[in-house]
Amino acid sequence: MQNSLNTRSMIFTLYGDYIRHYGNDIWIGSLIRLLKEFGHNEQSVRAAISRMNKQGWVTADRKGNKSYYRLTEQGVERIEEAANRIFKLQPETWDGKWRMFTYTIPENKRSIRDELRKELVWSGFGLLSNSFWISPNQQEKQVNQMIEKYDIRDYVHFFLSEHKGPHKSEKLVEECWDLNEINMKYEDFIKTYSQKYVIDKSKIEKGEKSDGECFVERTKLVHEYRKFLFVDPGLPQELLPKKWLGDYAASLFSDYYKALAQPASRFFEDVFSEGNEVKNRDKKYDALNHPLIIESNN
């Protein structure tokens with residue numbers, strides 16, 4: 001049986017790149033059919049979606065004899081935040097300020113600490129010292145959501161501050177994040193996908209790659225690129241090294257994604273149309289010209 005965590009992660013990818021544009025819910029039969037393309041069996045899909053339901057990411061609903069799974073408000077917020085970070089190729093302009101988040105959570109709530117750390121890393125915070133996290137990005141919304149989610153208002157402090165030295169801000173970055181290691185991960189991504197992009201683009205232009213194959217490749221591409229959300233804090237340009245490969249990786253991702261977009265969407269709609277309402281598709285959604293992709297020359 002496939003690892004349920006891997007299946008769960010792939011389901012998040014499908015919700016983020018497809019299902020959220022079609023009303024946010026899907027018949028379990030369609031989900032099973034889509035994930036079959038990646039070798040995930042029915043048992044692993046049902047186990048993973050059940051786990052996501054218990055964790056509050058999706059909610060179950062029955063229509064006749066069919067079960068549907070819809071993203072919850074929490075799920076929608078997480079997917080939208082991830083999508084914005086994945087598809088936005090241009091880093092935001094830094095306001096020169098640092099967001100600082102610190103907490104002292106009592107021992108009887110220690111289970112919250114591990115979850116909170118994961119959330120902070122995912123949101124792009126770096127650990128400067130014990131229970132003291134920093135970020136140069138505008139994180140007010142995310143911090144307030146975490147405070148409410150974990151009910152920790154009594155145990156936290158959040159600051160908006162300026163760094164006055166004695167060192168440069170780059171030293172803060174060095175202490176919180178290993179940018180060399182992240183750059184190496186981007187290098188591996190570029191080596192793998194630059195060659196695949198050239199080959200697949202040629203096959204698509206010659207009609208030698210099926211819609212189903214494009215669906216698999218596009219989903220795998222997003223799935224792999226999505227992993228950078230867990231390692232790259234998304235620092236502003238001013239704090240990045242000169243030979244930063246993140247921008248090149250983002251451009252490669254964008255070009256490859258666009259090449260696969262239309263045939264992949266056709267395959268998804270063919271499968272989705274059985275048991276779901278294609279008419280629920282967001283009229284503003286265009287897979288070829290994704291609204292969240294910002295070209296690097298803008």
# chains A, B, ... in the order shown; residues from 1 in each chain; ligands from 1
>>> closest_atom_pairs(of="range 232-292 of chain A", to="range 181-200 of chain A", cutoff="8 Å", atoms="only C-alpha atoms", output="Markdown table")
| residue | atom | partner | partner_atom | distance |
| --- | --- | --- | --- | --- |
| A:Asp232 | CA | A:Ile182 | CA | 6.6 |
| A:Trp244 | CA | A:Asn183 | CA | 6.5 |
| A:Leu245 | CA | A:Asn183 | CA | 5.9 |
| A:Gly246 | CA | A:Tyr186 | CA | 6.1 |
| A:Tyr248 | CA | A:Ile190 | CA | 8.0 |
| A:Ala249 | CA | A:Ile190 | CA | 5.9 |
| A:Leu252 | CA | A:Ser194 | CA | 6.9 |
| A:Tyr256 | CA | A:Tyr197 | CA | 5.6 |
>>> residues_around(residues="Gly56 in chain A", least_positions_apart="3", cutoff="9 Å", atoms="only C-alpha atoms", output="list in words")
Arg51, Met52, Asn53, Thr59, Leu71, Thr72, Glu73, Gln74 and Gly75 of chain A
>>> residues_around(residues="Ser129 in chain A", least_positions_apart="3", cutoff="10 Å", atoms="only C-alpha atoms", output="PDB file with all heavy atoms, in the first residue's frame")
ATOM      1  N   THR A 102       7.466  35.515  19.793  1.00  0.00           N
ATOM      2  CA  THR A 102       8.035  34.739  20.899  1.00  0.00           C
ATOM      3  C   THR A 102       6.913  34.164  21.763  1.00  0.00           C
ATOM      4  O   THR A 102       5.829  34.741  21.853  1.00  0.00           O
ATOM      5  CB  THR A 102       8.974  35.607  21.760  1.00  0.00           C
ATOM      6  OG1 THR A 102       9.541  34.802  22.809  1.00  0.00           O
ATOM      7  CG2 THR A 102       8.246  36.789  22.372  1.00  0.00           C
ATOM      8  N   GLY A 126      12.116  32.157  10.894  1.00  0.00           N
ATOM      9  CA  GLY A 126      13.367  31.504  11.239  1.00  0.00           C
ATOM     10  C   GLY A 126      13.595  31.587  12.738  1.00  0.00           C
ATOM     11  O   GLY A 126      13.216  32.574  13.383  1.00  0.00           O
ATOM     12  N   PHE A 132      12.121  32.049  19.958  1.00  0.00           N
ATOM     13  CA  PHE A 132      12.136  33.427  19.441  1.00  0.00           C
ATOM     14  C   PHE A 132      12.327  33.374  17.928  1.00  0.00           C
ATOM     15  O   PHE A 132      13.412  33.047  17.441  1.00  0.00           O
ATOM     16  CB  PHE A 132      13.255  34.232  20.105  1.00  0.00           C
ATOM     17  CG  PHE A 132      13.129  35.717  19.896  1.00  0.00           C
ATOM     18  CD1 PHE A 132      12.365  36.492  20.746  1.00  0.00           C
ATOM     19  CD2 PHE A 132      13.783  36.330  18.823  1.00  0.00           C
ATOM     20  CE1 PHE A 132      12.254  37.864  20.548  1.00  0.00           C
ATOM     21  CE2 PHE A 132      13.675  37.698  18.630  1.00  0.00           C
ATOM     22  CZ  PHE A 132      12.899  38.468  19.491  1.00  0.00           C
ATOM     23  N   TRP A 133      11.266  33.696  17.189  1.00  0.00           N
ATOM     24  CA  TRP A 133      11.229  33.536  15.737  1.00  0.00           C
ATOM     25  C   TRP A 133      11.145  34.888  15.047  1.00  0.00           C
ATOM     26  O   TRP A 133      10.517  35.811  15.552  1.00  0.00           O
ATOM     27  CB  TRP A 133      10.023  32.694  15.347  1.00  0.00           C
ATOM     28  CG  TRP A 133      10.039  31.310  15.918  1.00  0.00           C
ATOM     29  CD1 TRP A 133       9.761  30.944  17.215  1.00  0.00           C
ATOM     30  CD2 TRP A 133      10.330  30.100  15.225  1.00  0.00           C
ATOM     31  NE1 TRP A 133       9.874  29.586  17.369  1.00  0.00           N
ATOM     32  CE2 TRP A 133      10.221  29.042  16.150  1.00  0.00           C
ATOM     33  CE3 TRP A 133      10.678  29.800  13.902  1.00  0.00           C
ATOM     34  CZ2 TRP A 133      10.437  27.714  15.802  1.00  0.00           C
ATOM     35  CZ3 TRP A 133      10.887  28.485  13.550  1.00  0.00           C
ATOM     36  CH2 TRP A 133      10.777  27.451  14.498  1.00  0.00           C
ATOM     37  N   ILE A 134      11.777  34.986  13.862  1.00  0.00           N
ATOM     38  CA  ILE A 134      11.753  36.261  13.138  1.00  0.00           C
ATOM     39  C   ILE A 134      11.438  36.040  11.660  1.00  0.00           C
ATOM     40  O   ILE A 134      11.681  34.958  11.109  1.00  0.00           O
ATOM     41  CB  ILE A 134      13.087  37.031  13.258  1.00  0.00           C
ATOM     42  CG1 ILE A 134      14.222  36.278  12.552  1.00  0.00           C
ATOM     43  CG2 ILE A 134      13.430  37.293  14.713  1.00  0.00           C
ATOM     44  CD1 ILE A 134      15.516  37.076  12.448  1.00  0.00           C
ATOM     45  N   GLU A 175      21.998  33.285  10.684  1.00  0.00           N
ATOM     46  CA  GLU A 175      21.729  32.579  11.939  1.00  0.00           C
ATOM     47  C   GLU A 175      20.401  31.818  11.899  1.00  0.00           C
ATOM     48  O   GLU A 175      20.202  30.891  12.676  1.00  0.00           O
ATOM     49  CB  GLU A 175      21.730  33.573  13.099  1.00  0.00           C
ATOM     50  CG  GLU A 175      23.110  34.158  13.392  1.00  0.00           C
ATOM     51  CD  GLU A 175      23.120  35.069  14.614  1.00  0.00           C
ATOM     52  OE1 GLU A 175      22.189  34.963  15.435  1.00  0.00           O
ATOM     53  OE2 GLU A 175      24.051  35.884  14.735  1.00  0.00           O
ATOM     54  N   CYS A 176      19.514  32.231  11.019  1.00  0.00           N
ATOM     55  CA  CYS A 176      18.169  31.630  11.001  1.00  0.00           C
ATOM     56  C   CYS A 176      17.944  30.631   9.867  1.00  0.00           C
ATOM     57  O   CYS A 176      17.142  29.707  10.014  1.00  0.00           O
ATOM     58  CB  CYS A 176      17.106  32.727  10.895  1.00  0.00           C
ATOM     59  SG  CYS A 176      16.972  33.761  12.362  1.00  0.00           S
TER      60      CYS A 176
END
>>> select_by_dssp(residues="range 115-228 of chain A", states="strand (DSSP E or B)", output="JSON, numbers by chain")
{"A": [126, 127, 128, 129, 132, 133, 134, 135, 156, 157, 158, 159, 160, 161]}
>>> residues_around(residues="Glu81 in chain A", least_positions_apart="2", cutoff="12 Å", atoms="only C-alpha atoms", output="list of chain:residue names")
A:Gly16, A:Gln74, A:Gly75, A:Val76, A:Glu77, A:Arg78, A:Ile79, A:Ala83, A:Asn84, A:Arg85, A:Ile86, A:Phe87, A:Lys88, A:Trp122, A:Ser123, A:Gly124, A:Gln139, A:Lys141, A:Gln142, A:Arg226, A:Leu229, A:Leu292
>>> closest_residue(among="A:Tyr103, A:Tyr225, A:Phe38, A:Tyr22", to="Phe272 in chain A", atoms="only C-alpha atoms")
A:Tyr22
>>> select_by_dssp(residues="range 24-238 of chain A", states="helix (DSSP H, G or I)", output="JSON, numbers by chain")
{"A": [28, 29, 30, 31, 32, 33, 34, 35, 36, 42, 43, 44, 45, 46, 47, 48, 49, 50, 51, 52, 53, 54, 73, 74, 75, 76, 77, 78, 79, 80, 81, 82, 83, 84, 85, 86, 87, 107, 108, 109, 110, 111, 112, 113, 114, 115, 116, 117, 118, 119, 120, 121, 122, 140, 141, 142, 143, 144, 145, 146, 147, 148, 149, 150, 153, 154, 155, 169, 170, 171, 172, 173, 174, 175, 176, 179, 180, 181, 182, 183, 184, 185, 186, 187, 188, 189, 190, 191, 192, 193, 194, 195, 196, 197, 198, 199, 200, 201, 202, 203, 204, 205, 211, 212, 213, 214, 215, 216, 217, 218, 219, 220, 221, 222, 223, 224, 225, 226, 227, 228, 229, 230, 237, 238]}
>>> atom_distance(atom1="CA of Trp27 in chain A", atom2="CA of Lys66 in chain A")
6.9 Å
>>> closest_residue(among="A:Gln145, A:Ser254, A:Phe101, A:Ile152", to="Asn130 in chain A", atoms="only C-alpha atoms")
A:Phe101
